[in-house]
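Before any comments, here is the structure.
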Amino acid sequence: MTATVKTALITGANKGIGYETARGLGELGMRVLVGARDAARGEAAVKTLRAGGVDAHHVPLDVTCQDSVRAAVHQVEERWGRLDILVNNAGINVEWPAAQPSDVSLDALRTTFETNVYGLVAVTNAFLPLLRRSPAGRIVNVSSEMGIPAWLEGSEMPAITGYSVSKAAVNMLTVLYANELRGTSVKVNACSPGFVVTDINHGVGQLTAAEGAAVEIRVATLDSGGPTGAFVNDGGRMPW
Ligand SMILES: NC(=O)c1ccc[n+]([C@@H]2O[C@H](COP(=O)([O-])OP(=O)(O)OC[C@H]3O[C@@H](n4cnc5c(N)ncnc54)[C@H](OP(=O)(O)O)[C@@H]3O)[C@@H](O)[C@H]2O)c1
């Protein structure tokens, strides 16, 4: 191991945009830690990444399980000592078809928040000590334009209430973490990959997972002049 190789952990990296983010960061020469809650799916992703020349390792990680999060931190600390990039990519949408606020179930809201919001906070807080050891720590919170009120104004899309509200929370958390960590080497930004064909939307997106991952990769590799507390999509920084 050389001191200059960056280590990046991507949650939910066994498929979809997370997998392509792992591949893209690996192709930039980074060591990529494939966060996956299912051992077989995680190992399969690592195998494919390695076959493509990427230095990939499976980190078992269910973001909704504190024991799993603790074990992941232990594994990363023992083996690599620090973390340079954390991509909080794992996410779910349990509302299909879409649910208006007047008929969203509390179960759907709770389930969505468990992964998209509480899971993100649990993973971020647990890995922050390792990220602070990096000379240029980067946290990427994978959000969505569906969490931005201005983007939804006048939209004819049906509301996906729990999902949208969870991503709005992710956007606010991003600003709060960025403010708390201002003056440190750690930058925290949110991004939207766009409307991507993956399992989360039952394959109805428009972009490929690799195209969606491009934004995550860009935000994960911001240099010291880059923003913190920003929301970024493929068009650049977006006010919200
Ligand atoms: N696709 C889009 O159009 C779109 C648009 C905007 C934002 N996003 C965001 O992009 C991110 C990636 O989504 P995707 O489109 O690539 O969807 P996806 O193909 O369904 O992938 C989601 C990933 O998250 C993992 N995951 C779910 N719950 C988890 C948990 N509790 N612990 C650990 N991992 C968990 C899944 O693992 P399993 O395989 O084990 O289920 C999977 O690896 C999400 O945050 C999503 O909200 C997607």
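All residue names refer to the structure tokens as shown: chains lettered A, B, ... in order, residues numbered from 1 in each chain, ligands numbered from 1 in order.
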Show me a table, sorted first by chain and then by increasing residue number, of the residues of chain A having an atom at most 7 Å from ligand 1, each with its shortest atom pair and the distance in Å to one decimal, counting only C-alpha atoms and all ligand atoms and written as a Markdown table.
| residue | atom | partner | partner_atom_place_in_ligand_line | distance |
| --- | --- | --- | --- | --- |
| A:Thr11 | CA | ligand 1 | 34 (N) | 5.8 |
| A:Gly12 | CA | ligand 1 | 43 (O) | 3.4 |
| A:Ala13 | CA | ligand 1 | 43 (O) | 5.0 |
| A:Asn14 | CA | ligand 1 | 43 (O) | 4.7 |
| A:Lys15 | CA | ligand 1 | 43 (O) | 4.8 |
| A:Gly16 | CA | ligand 1 | 16 (O) | 3.6 |
| A:Ile17 | CA | ligand 1 | 16 (O) | 3.8 |
| A:Gly18 | CA | ligand 1 | 16 (O) | 5.6 |
| A:Gly35 | CA | ligand 1 | 33 (C) | 6.8 |
| A:Ala36 | CA | ligand 1 | 34 (N) | 5.4 |
| A:Arg37 | CA | ligand 1 | 33 (C) | 4.8 |
| A:Asp38 | CA | ligand 1 | 40 (O) | 5.5 |
| A:Arg41 | CA | ligand 1 | 39 (O) | 6.9 |
| A:Leu61 | CA | ligand 1 | 33 (C) | 5.6 |
| A:Asp62 | CA | ligand 1 | 32 (N) | 3.5 |
| A:Val63 | CA | ligand 1 | 32 (N) | 4.1 |
| A:Thr64 | CA | ligand 1 | 31 (N) | 4.9 |
| A:Asn89 | CA | ligand 1 | 45 (O) | 4.6 |
| A:Ala90 | CA | ligand 1 | 24 (O) | 3.5 |
| A:Gly91 | CA | ligand 1 | 45 (O) | 3.6 |
| A:Ile92 | CA | ligand 1 | 27 (C) | 5.4 |
| A:Thr115 | CA | ligand 1 | 31 (N) | 5.3 |
| A:Asn116 | CA | ligand 1 | 45 (O) | 6.8 |
| A:Val142 | CA | ligand 1 | 45 (O) | 5.1 |
| A:Ser143 | CA | ligand 1 | 7 (C) | 5.3 |
| A:Ser144 | CA | ligand 1 | 6 (C) | 4.2 |
| A:Glu145 | CA | ligand 1 | 6 (C) | 6.8 |
| A:Ser192 | CA | ligand 1 | 6 (C) | 5.4 |
| A:Pro193 | CA | ligand 1 | 6 (C) | 5.4 |
| A:Gly194 | CA | ligand 1 | 5 (C) | 5.1 |
| A:Phe195 | CA | ligand 1 | 3 (O) | 3.6 |
| A:Val196 | CA | ligand 1 | 3 (O) | 3.7 |
| A:Val197 | CA | ligand 1 | 1 (N) | 5.7 |
| A:Thr198 | CA | ligand 1 | 19 (O) | 4.5 |
| A:Asp199 | CA | ligand 1 | 20 (O) | 4.3 |
| A:Ile200 | CA | ligand 1 | 20 (O) | 3.9 |
| A:Asn201 | CA | ligand 1 | 1 (N) | 6.0 |
| A:Gly205 | CA | ligand 1 | 3 (O) | 5.5 |
| A:Ala209 | CA | ligand 1 | 16 (O) | 6.8 |
Selection from above, N, CA and C atoms, as a short mmCIF file (atom, residue, chain, number, x, y, z; two decimals), in the first residue's frame, can you write it?
data_model
loop_
_atom_site.label_atom_id
_atom_site.label_comp_id
_atom_site.auth_asym_id
_atom_site.auth_seq_id
_atom_site.Cartn_x
_atom_site.Cartn_y
_atom_site.Cartn_z
N THR A 11 -21.40 3.29 -0.47
CA THR A 11 -22.46 2.44 0.09
C THR A 11 -23.41 2.04 -1.04
N GLY A 12 -23.97 0.86 -0.93
CA GLY A 12 -24.88 0.38 -1.98
C GLY A 12 -24.17 0.30 -3.32
N ALA A 13 -22.96 -0.29 -3.30
CA ALA A 13 -22.13 -0.29 -4.52
C ALA A 13 -22.20 -1.60 -5.29
N ASN A 14 -23.10 -2.50 -4.89
CA ASN A 14 -23.15 -3.79 -5.59
C ASN A 14 -23.89 -3.70 -6.92
N LYS A 15 -24.62 -2.60 -7.15
CA LYS A 15 -25.33 -2.47 -8.43
C LYS A 15 -25.64 -1.00 -8.70
N GLY A 16 -26.25 -0.76 -9.85
CA GLY A 16 -26.75 0.57 -10.18
C GLY A 16 -25.67 1.64 -10.21
N ILE A 17 -26.06 2.83 -9.77
CA ILE A 17 -25.17 4.00 -9.85
C ILE A 17 -23.98 3.83 -8.90
N GLY A 18 -24.21 3.19 -7.76
CA GLY A 18 -23.13 2.97 -6.81
C GLY A 18 -22.03 2.09 -7.40
N GLY A 35 -19.32 -1.12 -0.50
CA GLY A 35 -20.27 -1.33 0.59
C GLY A 35 -21.49 -2.07 0.05
N ALA A 36 -21.78 -3.23 0.62
CA ALA A 36 -22.94 -4.01 0.17
C ALA A 36 -23.48 -4.80 1.34
N ARG A 37 -24.80 -4.80 1.48
CA ARG A 37 -25.39 -5.48 2.64
C ARG A 37 -25.49 -6.99 2.44
N ASP A 38 -25.47 -7.41 1.19
CA ASP A 38 -25.58 -8.84 0.89
C ASP A 38 -24.21 -9.35 0.45
N ARG A 41 -23.87 -10.59 -3.24
CA ARG A 41 -23.93 -9.49 -4.22
C ARG A 41 -22.68 -8.61 -4.13
N LEU A 61 -21.93 -4.00 4.60
CA LEU A 61 -22.47 -2.78 5.21
C LEU A 61 -23.96 -2.62 4.89
N ASP A 62 -24.75 -2.82 5.95
CA ASP A 62 -26.18 -2.47 5.90
C ASP A 62 -26.30 -1.16 6.65
N VAL A 63 -26.66 -0.10 5.94
CA VAL A 63 -26.64 1.24 6.55
C VAL A 63 -27.70 1.39 7.64
N THR A 64 -28.67 0.48 7.68
CA THR A 64 -29.72 0.58 8.70
C THR A 64 -29.37 -0.20 9.98
N ASN A 89 -24.35 6.51 -1.06
CA ASN A 89 -25.14 6.24 -2.27
C ASN A 89 -26.36 5.35 -2.02
N ALA A 90 -26.27 4.47 -1.00
CA ALA A 90 -27.37 3.52 -0.76
C ALA A 90 -28.68 4.28 -0.59
N GLY A 91 -29.70 3.83 -1.29
CA GLY A 91 -30.99 4.51 -1.19
C GLY A 91 -32.11 3.60 -1.64
N ILE A 92 -33.29 3.90 -1.15
CA ILE A 92 -34.47 3.11 -1.54
C ILE A 92 -35.65 4.03 -1.85
N THR A 115 -33.33 4.16 5.78
CA THR A 115 -32.19 3.99 4.87
C THR A 115 -31.65 5.33 4.38
N ASN A 116 -32.52 6.14 3.79
CA ASN A 116 -32.06 7.33 3.07
C ASN A 116 -31.54 8.42 4.00
N VAL A 142 -25.68 11.25 -1.97
CA VAL A 142 -26.43 11.10 -3.22
C VAL A 142 -27.89 11.44 -2.94
N SER A 143 -28.31 12.53 -3.56
CA SER A 143 -29.64 13.07 -3.31
C SER A 143 -30.46 12.96 -4.60
N SER A 144 -31.38 13.87 -4.76
CA SER A 144 -32.23 13.87 -5.95
C SER A 144 -32.86 15.25 -6.09
N GLU A 145 -33.10 15.62 -7.33
CA GLU A 145 -33.81 16.89 -7.55
C GLU A 145 -35.23 16.80 -6.99
N SER A 192 -27.11 15.05 -7.54
CA SER A 192 -28.19 14.30 -8.17
C SER A 192 -27.66 13.67 -9.44
N PRO A 193 -27.78 12.36 -9.56
CA PRO A 193 -27.25 11.68 -10.76
C PRO A 193 -28.12 11.87 -12.00
N GLY A 194 -29.32 12.45 -11.85
CA GLY A 194 -30.24 12.54 -12.99
C GLY A 194 -31.21 11.37 -12.95
N PHE A 195 -31.98 11.22 -14.04
CA PHE A 195 -33.02 10.18 -14.10
C PHE A 195 -32.40 8.96 -14.79
N VAL A 196 -32.00 7.99 -13.98
CA VAL A 196 -31.13 6.90 -14.43
C VAL A 196 -31.89 5.57 -14.44
N VAL A 197 -31.67 4.77 -15.44
CA VAL A 197 -32.30 3.44 -15.52
C VAL A 197 -31.67 2.52 -14.47
N THR A 198 -32.39 2.28 -13.37
CA THR A 198 -31.91 1.33 -12.35
C THR A 198 -33.13 0.65 -11.72
N ASP A 199 -32.86 -0.24 -10.79
CA ASP A 199 -33.95 -0.96 -10.12
C ASP A 199 -34.81 -0.03 -9.27
N ILE A 200 -34.25 1.08 -8.79
CA ILE A 200 -34.99 1.94 -7.86
C ILE A 200 -36.24 2.53 -8.54
N ASN A 201 -36.15 2.74 -9.87
CA ASN A 201 -37.32 3.29 -10.58
C ASN A 201 -37.89 2.27 -11.57
N GLY A 205 -35.83 5.09 -16.15
CA GLY A 205 -35.01 6.30 -16.29
C GLY A 205 -34.58 6.54 -17.73
N ALA A 209 -26.49 3.96 -15.89
CA ALA A 209 -25.92 4.08 -14.55
C ALA A 209 -24.54 4.74 -14.60
#
Would you tabulate, counting only C-alpha atoms, all residues of segment 54-144 of chain A that have an atom at most 9 Å from an atom of segment 156-161 of chain A, showing the closest pair of atoms and their distance in Å to one decimal, sorted by chain then ascending number, as a tab-separated table?
residue	atom	partner	partner_atom	distance
A:Asn93	CA	A:Ile160	CA	8.4
A:Glu95	CA	A:Ile160	CA	6.5
A:Trp96	CA	A:Ile160	CA	8.3
A:Pro97	CA	A:Ile160	CA	8.2
A:Ala98	CA	A:Ile160	CA	4.7
A:Ala99	CA	A:Ile160	CA	5.2
A:Gln100	CA	A:Ala159	CA	5.3
A:Pro101	CA	A:Thr161	CA	5.6
A:Val104	CA	A:Thr161	CA	6.7
A:Leu109	CA	A:Thr161	CA	8.0
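Here atom CA of Ala108 of chain A is placed at a distance of 25.9 Å from atom CA of Ala39 of chain A.
Nearest residue to Leu130 of chain A among A:Asn233, A:Thr208, A:Gln75, A:Thr48 is A:Gln75, counting only C-alpha atoms.
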Would you list the contacts of Leu173 of chain A as a list of chain:residue names, taking every protein, DNA or RNA residue within 10 Å and counting only C-alpha atoms, but skipping same-chain residues closer than 4 positions in sequence?
A:Val117, A:Leu120, A:Val121, A:Asn141, A:Lys167, A:Ala168, A:Ala169, A:Tyr177, A:Ala178, A:Asn179, A:Val188, A:Asn189, A:Ala190, A:Gly229
Can you write out the residues you just picked, keeping N, CA and C atoms, as a compact mmCIF listing (two decimals), in the first residue's frame?
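Saved result, part_1.txt, follows:
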# COMPACT_ATOMS: atom_id res chain seq x y z
N VAL A 117 -32.07 8.49 5.22
CA VAL A 117 -31.70 9.59 6.12
C VAL A 117 -30.93 9.07 7.34
N LEU A 120 -27.78 7.29 6.38
CA LEU A 120 -26.73 8.22 5.92
C LEU A 120 -26.04 8.88 7.12
N VAL A 121 -26.84 9.27 8.10
CA VAL A 121 -26.26 9.92 9.29
C VAL A 121 -25.40 8.91 10.06
N ASN A 141 -23.14 13.01 -0.68
CA ASN A 141 -24.47 12.53 -0.33
C ASN A 141 -25.31 12.45 -1.60
N LYS A 167 -35.02 12.97 0.60
CA LYS A 167 -33.91 13.62 -0.11
C LYS A 167 -33.81 15.10 0.27
N ALA A 168 -34.94 15.73 0.60
CA ALA A 168 -34.88 17.10 1.12
C ALA A 168 -34.09 17.10 2.43
N ALA A 169 -34.31 16.08 3.26
CA ALA A 169 -33.56 15.97 4.51
C ALA A 169 -32.07 15.77 4.22
N TYR A 177 -23.71 19.49 7.79
CA TYR A 177 -22.39 18.84 7.93
C TYR A 177 -21.29 19.75 7.35
N ALA A 178 -21.58 20.35 6.19
CA ALA A 178 -20.56 21.21 5.56
C ALA A 178 -20.21 22.36 6.49
N ASN A 179 -21.21 22.96 7.10
CA ASN A 179 -20.95 24.07 8.02
C ASN A 179 -20.15 23.61 9.22
N VAL A 188 -18.27 18.43 2.18
CA VAL A 188 -19.49 17.64 2.13
C VAL A 188 -20.43 18.25 1.09
N ASN A 189 -20.79 17.48 0.09
CA ASN A 189 -21.69 17.98 -0.96
C ASN A 189 -22.75 16.95 -1.30
N ALA A 190 -23.86 17.45 -1.80
CA ALA A 190 -24.93 16.57 -2.29
C ALA A 190 -24.92 16.59 -3.81
N GLY A 229 -20.99 22.04 0.88
CA GLY A 229 -22.38 22.42 1.16
C GLY A 229 -23.20 22.66 -0.10
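Going from atom CA of Leu207 of chain A to atom CA of Thr111 of chain A covers 26.7 Å.
Between atom CA of Asp55 of chain A and atom CA of Ala230 of chain A there is a distance of 29.4 Å.
Counting only C-alpha atoms and comparing A:Phe113, A:Tyr19, A:Trp151, A:Phe127, the residue that lies closest to Ser166 of chain A is A:Phe113.
Take the candidates A:Val59, A:Leu128, A:Val54, A:Ala136 and check each one against Gly42 of chain A using only C-alpha atoms; the shortest distance goes to A:Val59.
The residue that comes closest to Asn125 of chain A, out of A:Glu43, A:Asp107, A:Glu78, A:Val69 and on the basis of only C-alpha atoms, is A:Val69.
With distances restricted to only C-alpha atoms, A:Ala150 is the closest residue to Met238 of chain A from A:Val87, A:Ala150, A:Leu131, A:Val32.
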Write out as a ChimeraX atom specification all residues of segment 65-96 of chain A that DSSP puts in alpha helix (DSSP H) for this structure's backbone.
/A:66-80
Residues of segment 36-212 of chain A in strand (DSSP E or B), written as a list in words:
Ala36, Asp55, Ala56, His57, His58, Val59, Pro60, Ile85, Leu86, Val87, Asn88, Arg138, Ile139, Val140, Asn141, Val142, Lys187, Val188, Asn189, Ala190, Cys191, Val196 and Leu207 of chain A
Could you write out the selected residues, including C-alpha atoms, as a PDB file, in the first residue's frame?
ATOM      1  CA  ALA A  36     -22.943  -4.006   0.166  1.00  0.00           C
ATOM      2  CA  ASP A  55      -8.517  -2.552  -6.737  1.00  0.00           C
ATOM      3  CA  ALA A  56     -11.879  -3.427  -5.155  1.00  0.00           C
ATOM      4  CA  HIS A  57     -12.722  -4.873  -1.728  1.00  0.00           C
ATOM      5  CA  HIS A  58     -16.043  -5.857  -0.216  1.00  0.00           C
ATOM      6  CA  VAL A  59     -17.076  -4.113   2.977  1.00  0.00           C
ATOM      7  CA  PRO A  60     -20.239  -5.728   4.378  1.00  0.00           C
ATOM      8  CA  ILE A  85     -13.921   9.489   0.194  1.00  0.00           C
ATOM      9  CA  LEU A  86     -17.315   8.402   1.474  1.00  0.00           C
ATOM     10  CA  VAL A  87     -20.115   8.199  -1.086  1.00  0.00           C
ATOM     11  CA  ASN A  88     -23.448   7.844   0.707  1.00  0.00           C
ATOM     12  CA  ARG A 138     -14.784  14.136   0.696  1.00  0.00           C
ATOM     13  CA  ILE A 139     -18.346  13.136   1.549  1.00  0.00           C
ATOM     14  CA  VAL A 140     -20.834  12.787  -1.302  1.00  0.00           C
ATOM     15  CA  ASN A 141     -24.468  12.532  -0.326  1.00  0.00           C
ATOM     16  CA  VAL A 142     -26.428  11.098  -3.221  1.00  0.00           C
ATOM     17  CA  LYS A 187     -15.874  18.795   2.173  1.00  0.00           C
ATOM     18  CA  VAL A 188     -19.494  17.635   2.130  1.00  0.00           C
ATOM     19  CA  ASN A 189     -21.687  17.984  -0.955  1.00  0.00           C
ATOM     20  CA  ALA A 190     -24.932  16.571  -2.286  1.00  0.00           C
ATOM     21  CA  CYS A 191     -25.493  15.521  -5.867  1.00  0.00           C
ATOM     22  CA  VAL A 196     -31.131   6.901 -14.433  1.00  0.00           C
ATOM     23  CA  LEU A 207     -29.540   7.829 -18.433  1.00  0.00           C
TER      24      LEU A 207
END
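Minimum distance to Val94 of chain A across A:Ile148, A:Glu114, A:Tyr163, A:Thr124 (counting only C-alpha atoms) occurs at A:Tyr163.
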